[in-house]
Every structure is written in C-alpha cells, then in structure tokens.
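Student: Dropping in query-v2.cif, with mmCIF, C-alpha atoms.
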data_run
loop_
_atom_site.group_PDB
_atom_site.id
_atom_site.type_symbol
_atom_site.label_atom_id
_atom_site.label_comp_id
_atom_site.auth_asym_id
_atom_site.auth_seq_id
_atom_site.Cartn_x
_atom_site.Cartn_y
_atom_site.Cartn_z
ATOM 1 C CA MET A 1 29.935 -77.534 45.690
ATOM 2 C CA LYS A 2 28.757 -75.113 43.008
ATOM 3 C CA LYS A 3 27.354 -77.996 40.972
ATOM 4 C CA ALA A 4 25.381 -79.320 43.950
ATOM 5 C CA PHE A 5 23.976 -75.859 44.645
ATOM 6 C CA ALA A 6 23.032 -75.387 40.976
ATOM 7 C CA PHE A 7 21.391 -78.829 40.882
ATOM 8 C CA ALA A 8 19.385 -78.101 44.056
ATOM 9 C CA LEU A 9 18.300 -74.736 42.638
ATOM 10 C CA VAL A 10 17.102 -76.360 39.398
ATOM 11 C CA ILE A 11 15.124 -78.979 41.345
ATOM 12 C CA ILE A 12 13.474 -76.350 43.567
ATOM 13 C CA LEU A 13 12.604 -74.155 40.599
ATOM 14 C CA SER A 14 11.167 -77.098 38.663
ATOM 15 C CA PHE A 15 8.822 -77.844 41.572
ATOM 16 C CA SER A 16 7.660 -74.251 41.613
ATOM 17 C CA LEU A 17 6.750 -74.379 37.896
ATOM 18 C CA HIS A 18 3.884 -76.736 38.702
ATOM 19 C CA ALA A 19 2.904 -75.101 41.976
ATOM 20 C CA THR A 20 0.198 -72.552 42.601
ATOM 21 C CA PRO A 21 1.250 -70.056 45.272
ATOM 22 C CA SER A 22 -1.324 -68.943 47.801
ATOM 23 C CA PHE A 23 -1.724 -66.556 50.714
ATOM 24 C CA GLY A 24 -3.657 -67.005 53.905
ATOM 25 C CA TYR A 25 -4.099 -66.039 57.500
ATOM 26 C CA SER A 26 -4.602 -67.910 60.746
ATOM 27 C CA LEU A 27 -5.756 -67.399 64.318
ATOM 28 C CA ALA A 28 -4.715 -69.545 67.265
ATOM 29 C CA PRO A 29 -5.003 -69.429 71.041
ATOM 30 C CA VAL A 30 -1.541 -70.168 72.419
ATOM 31 C CA GLY A 31 0.088 -70.780 75.772
ATOM 32 C CA ALA A 32 3.821 -70.756 76.427
ATOM 33 C CA MET A 33 6.378 -70.987 79.192
ATOM 34 C CA THR A 34 9.286 -68.881 77.978
ATOM 35 C CA PRO A 35 12.532 -68.213 79.877
ATOM 36 C CA THR A 36 11.227 -64.712 80.691
ATOM 37 C CA GLY A 37 7.842 -65.918 81.976
ATOM 38 C CA ASN A 38 4.452 -67.411 81.145
ATOM 39 C CA TYR A 39 2.354 -66.229 78.256
ATOM 40 C CA GLY A 40 -1.190 -66.900 77.123
ATOM 41 C CA GLY A 41 -3.010 -65.148 74.350
ATOM 42 C CA LEU A 42 -3.787 -65.112 70.655
ATOM 43 C CA THR A 43 -1.461 -65.579 67.701
ATOM 44 C CA THR A 44 -2.434 -63.992 64.403
ATOM 45 C CA SER A 45 -0.479 -65.012 61.326
ATOM 46 C CA PHE A 46 0.048 -64.195 57.669
ATOM 47 C CA ILE A 47 0.981 -67.269 55.599
ATOM 48 C CA PHE A 48 2.613 -67.555 52.180
ATOM 49 C CA SER A 49 2.338 -71.003 50.620
ATOM 50 C CA PRO A 50 4.511 -71.571 47.530
ATOM 51 C CA SER A 51 2.469 -74.715 46.795
ATOM 52 C CA LYS A 52 -1.219 -74.511 47.685
ATOM 53 C CA GLU A 53 -1.743 -78.183 46.844
ATOM 54 C CA LEU A 54 1.029 -79.579 49.068
ATOM 55 C CA HIS A 55 1.672 -76.726 51.542
ATOM 56 C CA THR A 56 5.371 -77.576 51.434
ATOM 57 C CA GLY A 57 7.602 -74.725 52.563
ATOM 58 C CA ASP A 58 4.863 -72.490 53.956
ATOM 59 C CA ILE A 59 6.324 -69.281 55.386
ATOM 60 C CA THR A 60 4.445 -67.862 58.373
ATOM 61 C CA ILE A 61 4.830 -64.460 60.024
ATOM 62 C CA SER A 62 3.048 -64.422 63.399
ATOM 63 C CA VAL A 63 2.291 -61.773 65.985
ATOM 64 C CA ASP A 64 1.551 -62.787 69.584
ATOM 65 C CA LEU A 65 -1.099 -60.659 71.284
ATOM 66 C CA SER A 66 -1.944 -60.681 74.995
ATOM 67 C CA PRO A 67 -5.313 -59.879 76.565
ATOM 68 C CA VAL A 68 -3.529 -57.764 79.212
ATOM 69 C CA SER A 69 -1.016 -54.942 78.891
ATOM 70 C CA PRO A 70 1.410 -54.998 77.129
ATOM 71 C CA PHE A 71 -0.781 -56.245 74.295
ATOM 72 C CA PHE A 72 2.099 -56.960 71.898
ATOM 73 C CA GLU A 73 4.126 -59.934 73.141
ATOM 74 C CA GLY A 74 6.361 -60.785 70.192
ATOM 75 C CA VAL A 75 6.775 -61.766 66.564
ATOM 76 C CA MET A 76 7.833 -65.036 64.938
ATOM 77 C CA VAL A 77 8.865 -66.187 61.462
ATOM 78 C CA SER A 78 8.646 -69.910 60.705
ATOM 79 C CA VAL A 79 8.745 -72.421 57.869
ATOM 80 C CA SER A 80 6.564 -75.531 57.856
ATOM 81 C CA THR A 81 6.116 -78.668 55.803
ATOM 82 C CA PRO A 82 3.827 -81.693 56.084
ATOM 83 C CA LEU A 83 5.469 -84.976 57.062
ATOM 84 C CA PHE A 84 2.963 -87.028 55.037
ATOM 85 C CA ILE A 85 -0.508 -86.713 53.524
ATOM 86 C CA LEU A 86 -3.240 -89.315 54.051
ATOM 87 C CA SER A 87 -6.792 -89.259 52.710
ATOM 88 C CA ASP A 88 -7.736 -92.550 54.399
ATOM 89 C CA HIS A 89 -6.884 -91.833 58.033
ATOM 90 C CA PRO A 90 -8.145 -92.897 61.491
ATOM 91 C CA PHE A 91 -9.892 -89.541 62.153
ATOM 92 C CA PRO A 92 -12.807 -89.373 59.662
ATOM 93 C CA TRP A 93 -15.278 -88.909 62.536
ATOM 94 C CA ILE A 94 -13.911 -85.420 63.397
ATOM 95 C CA PHE A 95 -15.169 -83.632 60.253
ATOM 96 C CA ASN A 96 -18.324 -83.878 58.151
ATOM 97 C CA ASN A 97 -16.430 -83.253 54.921
ATOM 98 C CA GLN A 98 -13.496 -85.187 53.454
ATOM 99 C CA VAL A 99 -10.192 -83.819 54.834
ATOM 100 C CA LEU A 100 -6.577 -84.894 54.512
ATOM 101 C CA TRP A 101 -4.495 -85.742 57.577
ATOM 102 C CA THR A 102 -1.213 -83.860 57.212
ATOM 103 C CA PRO A 103 0.975 -83.754 60.355
ATOM 104 C CA VAL A 104 3.167 -80.661 60.081
ATOM 105 C CA LEU A 105 6.752 -80.030 61.191
ATOM 106 C CA PHE A 106 7.699 -76.365 61.731
ATOM 107 C CA ALA A 107 10.779 -74.360 62.760
ATOM 108 C CA GLY A 108 11.608 -70.694 63.024
ATOM 109 C CA GLY A 109 12.873 -67.729 64.978
ATOM 110 C CA GLN A 110 11.112 -65.593 67.540
ATOM 111 C CA TYR A 111 11.522 -62.169 69.139
ATOM 112 C CA ARG A 112 9.699 -61.463 72.420
ATOM 113 C CA LEU A 113 9.434 -58.337 74.510
ATOM 114 C CA GLY A 114 12.395 -57.839 76.788
ATOM 115 C CA ASN A 115 14.831 -58.286 73.878
ATOM 116 C CA GLU A 116 14.530 -62.093 73.976
ATOM 117 C CA TRP A 117 15.655 -63.859 70.779
ATOM 118 C CA SER A 118 14.803 -67.545 70.372
ATOM 119 C CA ILE A 119 14.728 -70.377 67.881
ATOM 120 C CA MET A 120 11.795 -72.743 67.976
ATOM 121 C CA GLY A 121 10.634 -75.992 66.480
ATOM 122 C CA GLY A 122 7.499 -78.031 66.801
ATOM 123 C CA LEU A 123 5.144 -80.638 65.515
ATOM 124 C CA SER A 124 1.467 -80.413 64.733
ATOM 125 C CA PRO A 125 0.416 -84.083 64.840
ATOM 126 C CA PHE A 126 -3.297 -83.371 64.388
ATOM 127 C CA ALA A 127 -3.297 -81.174 61.275
ATOM 128 C CA PHE A 128 -6.067 -81.576 58.705
ATOM 129 C CA ARG A 129 -6.742 -79.709 55.488
ATOM 130 C CA ASP A 130 -9.210 -79.335 52.690
ATOM 131 C CA ASN A 131 -9.334 -76.915 49.738
ATOM 132 C CA HIS A 132 -9.130 -73.603 51.608
ATOM 133 C CA PHE A 133 -8.651 -74.485 55.271
ATOM 134 C CA VAL A 134 -6.002 -76.017 57.509
ATOM 135 C CA TYR A 135 -7.087 -77.114 60.993
ATOM 136 C CA GLU A 136 -4.429 -77.870 63.621
ATOM 137 C CA PHE A 137 -5.084 -79.149 67.148
ATOM 138 C CA LEU A 138 -2.715 -79.485 70.136
ATOM 139 C CA SER A 139 0.524 -78.435 68.438
ATOM 140 C CA PRO A 140 3.424 -78.405 70.936
ATOM 141 C CA TYR A 141 6.700 -76.611 70.337
ATOM 142 C CA VAL A 142 9.998 -76.012 72.118
ATOM 143 C CA LEU A 143 12.125 -72.904 72.032
ATOM 144 C CA TYR A 144 15.642 -72.025 73.014
ATOM 145 C CA SER A 145 16.415 -68.477 74.107
ATOM 146 C CA PHE A 146 19.807 -67.160 73.014
ATOM 147 C CA THR A 147 19.422 -64.243 75.414
ATOM 148 C CA SER A 148 19.085 -66.307 78.595
ATOM 149 C CA ALA A 149 20.466 -69.652 77.293
ATOM 150 C CA LYS A 150 17.372 -71.487 78.581
ATOM 151 C CA TRP A 151 14.701 -73.743 77.105
ATOM 152 C CA GLY A 152 10.986 -73.058 77.019
ATOM 153 C CA TRP A 153 7.898 -74.660 75.545
ATOM 154 C CA GLY A 154 4.447 -73.804 74.324
ATOM 155 C CA MET A 155 1.381 -75.139 72.580
ATOM 156 C CA TYR A 156 -1.053 -73.916 69.976
ATOM 157 C CA VAL A 157 -4.357 -75.173 71.314
ATOM 158 C CA MET A 158 -6.077 -74.971 67.923
ATOM 159 C CA ARG A 159 -5.049 -73.059 64.840
ATOM 160 C CA PHE A 160 -7.450 -72.301 62.008
ATOM 161 C CA SER A 161 -5.917 -71.141 58.723
ATOM 162 C CA TYR A 162 -7.755 -69.897 55.647
ATOM 163 C CA PHE A 163 -6.105 -69.724 52.211
ATOM 164 C CA PHE A 164 -7.349 -67.559 49.345
#
If you convert what's in this file into structure tokens, what do you get?
Tutor:
Amino acid sequence: MKKAFAFALVIILSFSLHATPSFGYSLAPVGAMTPTGNYGGLTTSFIFSPSKELHTGDITISVDLSPVSPFFEGVMVSVSTPLFILSDHPFPWIFNNQVLWTPVLFAGGQYRLGNEWSIMGGLSPFAFRDNHFVYEFLSPYVLYSFTSAKWGWGMYVMRFSYFF
C-alpha cells in the first residue's frame, strides 16, 4: 500500500513540474431546489488551477448570494476536471474566436444557511475555453443533504470564469 501511494505521489508531482498554476474568478447565476427550500441568485467563485493548460484538478471556493435577505446563502468547495478536450467540435458557430470544447465533471461539499451540510456532483456538458476564459452553459448538479437525508438539484445557467 505504501508503494502504491508513493508511486501515485511521484506521478502527481511529475505532472505538476510541467504545469503552470493559475488563479481566477467566476460569476454565475444559479437556481437550486435544496432540501431546505428553493434558491435563486448569484454564485461568485475563486478558482485555483494547478494546470492552466489542462484545467485538471481545479479547486473552486464559491459563495452563494441571494438578491433578498438573507444575502448570504452558503459556501461550497469543489474540484473539477475536464472529461475530454476537442478543438474540432460541433459548436464552432457559438463563438467568433477558436475555443476548445471541454465538458467538465465536478464534485464537492456545500454548507447552506440553516446548518445544512451537503455533498454535490455535476456535469457541465457545454463548457468551452480559450487562453484566459472558461464559458459554461446549462450545468446541472445534484446534491445530497446529510442534515435532512434528502436529495436536491440545481443548475448554473451560465458561468463565466477568467484566469490571470
């Protein structure tokens, strides 16, 4: 077991030798049906990308804000990775510039007001990126609340991320 862990650590570190880390932020209108009720608002996020070129293993810290009181709805930490990267894709008509189609899989944990703790996972099938931007459209996710032992769901309508 120790050998497998050491081997995995060496592989991960060797990938990071050739990677350029990056930071970014994102904004996204979001709607969700959680076990404690409905929510609609804006998600603001801080993103750390260990590999700016591939965006594999991006760590996102998000804050959900509501347009009505209480303004703070919750916080989430997630990890995401692209499923594949295509430069020749069926959506070239969406953007004027050349973008890559990179559907993204993400998973994480969430805390919402009312002491609700959840895990969540989702897919962003319409994710596109270029040098500094990642554009995601219609990204559904599911969540499971440990507090109430119920399922919920939500969707990022569109998420725009900028990387420095």
Student: What does the PyMOL selection byres ((chain A and resi 48) around 6) select in this file, as a list in words?
Tutor: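 Output of the PyMOL selection byres ((chain A and resi 48) around 6): Phe23, Ile47, Ser49, Asp58 and Ile59 of chain A.
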Student: Where does the PyMOL selection byres ((chain A and resi 102) around 9) land in this file, that is, which residues does it pick, as a list in words?
Tutor: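 This file gives the following for the PyMOL selection byres ((chain A and resi 102) around 9): Pro82, Leu83, Phe84, Ile85, Leu86, Ser87, Leu100, Trp101, Pro103, Val104, Ser124, Pro125, Phe126, Ala127, Phe128 and Arg129 of chain A.
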Student: Produce a file of the selected residues containing C-alpha atoms, as a compact mmCIF listing (two decimals), keeping the file's coordinate frame.
Tutor:
# COMPACT_ATOMS: atom_id res chain seq x y z
CA PRO A 82 3.83 -81.69 56.08
CA LEU A 83 5.47 -84.98 57.06
CA PHE A 84 2.96 -87.03 55.04
CA ILE A 85 -0.51 -86.71 53.52
CA LEU A 86 -3.24 -89.32 54.05
CA SER A 87 -6.79 -89.26 52.71
CA LEU A 100 -6.58 -84.89 54.51
CA TRP A 101 -4.50 -85.74 57.58
CA PRO A 103 0.98 -83.75 60.36
CA VAL A 104 3.17 -80.66 60.08
CA SER A 124 1.47 -80.41 64.73
CA PRO A 125 0.42 -84.08 64.84
CA PHE A 126 -3.30 -83.37 64.39
CA ALA A 127 -3.30 -81.17 61.28
CA PHE A 128 -6.07 -81.58 58.70
CA ARG A 129 -6.74 -79.71 55.49
Student: Can you work out which one of A:Arg112, A:Arg159, A:Lys3, A:His89 has the shortest atom-to-atom distance to Val134 in chain A, counting all atoms listed in the file?
Tutor: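 Ranking A:Arg112, A:Arg159, A:Lys3, A:His89 by distance to Val134 in chain A, first place goes to A:Arg159.
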Student: Let me make sure I understand: among A:Val142, A:Met120, A:Leu42, A:Leu54, which one has the smallest atom-to-atom distance to Val77 in chain A if we use all atoms listed in the file?
Tutor: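 Of all the options, A:Met120 lies closest to Val77 in chain A.
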Student: Leaving out Leu65 in chain A and any residue of its chain fewer than 2 positions from it, which residues lie within 7 Å of it when counting all atoms listed in the file, given as a list in words?
Tutor: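 Skipping anything fewer than 2 positions along the chain leaves Gly41, Leu42, Thr43, Val63, Pro67, Phe71, Phe72 and Glu73 of chain A.
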Student: How far is it from CA of Thr20 in chain A to CA of Gln98 in chain A, in Å with one decimal?
Tutor: 21.6 Å
Student: Can you tell me, as a list in words, what residues are no more than 9 Å from Phe133 in chain A when counting all atoms listed in the file, ignoring any on the same chain fewer than 3 positions away?
Tutor: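 So the residues in contact are Phe128, Arg129, Asp130, Phe160, Ser161, Tyr162 and Phe163 of chain A.
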Student: At a cut-off of 12 Å, using all atoms listed in the file, what residues contact Tyr141 in chain A? Leave out same-chain residues fewer than 2 positions from it and give the result as a VMD selection string.
Tutor: chain A and resid 30 to 34 78 104 to 108 119 to 125 138 to 139 143 to 144 151 to 157
Student: Return the padded bounding box of range 85-94 of chain A as AutoDock Vina command-line options: axis-aligned, built from all atoms listed in the file, 4 Å added on each side, with centre and edge lengths in Å to one decimal.
Tutor:
--center_x -7.9 --center_y -89.2 --center_z 58.1 --size_x 22.8 --size_y 15.5 --size_z 18.7
Student: Could you tell me which residues the PyMOL selection byres ((chain A and resi 57) around 6) grabs in this file, written as a PyMOL selection string?
Tutor: chain A and resi 56+58+79-81
Student: Nearest residue to Phe46 in chain A out of A:Ser22, A:Pro29, A:Ser66, A:Ser118, using only C-alpha atoms?
Tutor: A:Ser22
Student: Counting all atoms listed in the file, which of A:Asn97, A:Thr60, A:Ser26, A:Thr36 gets nearest to Phe146 in chain A?
Tutor: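 Of A:Asn97, A:Thr60, A:Ser26, A:Thr36, the one nearest Phe146 in chain A is A:Thr36, counting all atoms listed in the file.
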Student: Counting all atoms listed in the file, which residue out of A:Pro21, A:Leu27, A:Pro35, A:His132 sits closest to Phe164 in chain A?
Tutor: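 When distances to Phe164 in chain A are compared using all atoms listed in the file, the smallest one comes from A:His132.
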Student: Dump N, CA and C atoms of range 50-67 of chain A from the given block, as a CSV table (one decimal), in the first residue's frame.
Tutor:
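And here's decode31.csv as it stands now:
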chain,number,residue,atom,x,y,z
A,50,PRO,N,-4.2,24.1,-10.8
A,50,PRO,CA,-2.8,23.7,-10.8
A,50,PRO,C,-2.2,23.5,-12.2
A,51,SER,N,-3.0,23.4,-13.2
A,51,SER,CA,-2.6,23.3,-14.6
A,51,SER,C,-3.4,24.2,-15.5
A,52,LYS,N,-2.9,25.4,-15.8
A,52,LYS,CA,-3.7,26.4,-16.6
A,52,LYS,C,-4.0,25.8,-18.0
A,53,GLU,N,-3.1,25.0,-18.5
A,53,GLU,CA,-3.3,24.5,-19.9
A,53,GLU,C,-4.4,23.5,-19.9
A,54,LEU,N,-4.5,22.6,-18.9
A,54,LEU,CA,-5.4,21.5,-19.0
A,54,LEU,C,-6.6,21.7,-18.1
A,55,HIS,N,-6.5,22.6,-17.1
A,55,HIS,CA,-7.5,22.8,-16.0
A,55,HIS,C,-8.0,21.5,-15.4
A,56,THR,N,-7.0,20.6,-15.1
A,56,THR,CA,-7.3,19.4,-14.4
A,56,THR,C,-7.1,19.6,-12.9
A,57,GLY,N,-8.1,19.2,-12.1
A,57,GLY,CA,-7.9,19.4,-10.7
A,57,GLY,C,-8.2,20.8,-10.2
A,58,ASP,N,-9.0,21.6,-10.9
A,58,ASP,CA,-9.3,23.0,-10.5
A,58,ASP,C,-10.0,22.9,-9.1
A,59,ILE,N,-9.6,23.7,-8.2
A,59,ILE,CA,-10.2,23.8,-6.9
A,59,ILE,C,-11.0,25.1,-6.8
A,60,THR,N,-12.3,25.1,-6.6
A,60,THR,CA,-13.2,26.2,-6.6
A,60,THR,C,-13.8,26.4,-5.2
A,61,ILE,N,-13.7,27.7,-4.7
A,61,ILE,CA,-14.4,28.1,-3.5
A,61,ILE,C,-15.4,29.1,-3.9
A,62,SER,N,-16.7,28.7,-3.7
A,62,SER,CA,-17.8,29.5,-4.1
A,62,SER,C,-18.7,30.1,-3.0
A,63,VAL,N,-19.2,31.2,-3.2
A,63,VAL,CA,-20.2,31.8,-2.2
A,63,VAL,C,-21.5,32.1,-2.9
A,64,ASP,N,-22.6,31.6,-2.4
A,64,ASP,CA,-23.9,31.8,-3.0
A,64,ASP,C,-24.5,33.1,-2.3
A,65,LEU,N,-24.9,34.0,-3.2
A,65,LEU,CA,-25.5,35.3,-2.7
A,65,LEU,C,-26.9,35.4,-3.3
A,66,SER,N,-27.8,35.9,-2.4
A,66,SER,CA,-29.3,36.0,-2.8
A,66,SER,C,-29.6,37.5,-3.0
A,67,PRO,N,-30.5,37.8,-3.9
A,67,PRO,CA,-30.9,39.2,-4.1
A,67,PRO,C,-31.9,39.7,-2.9
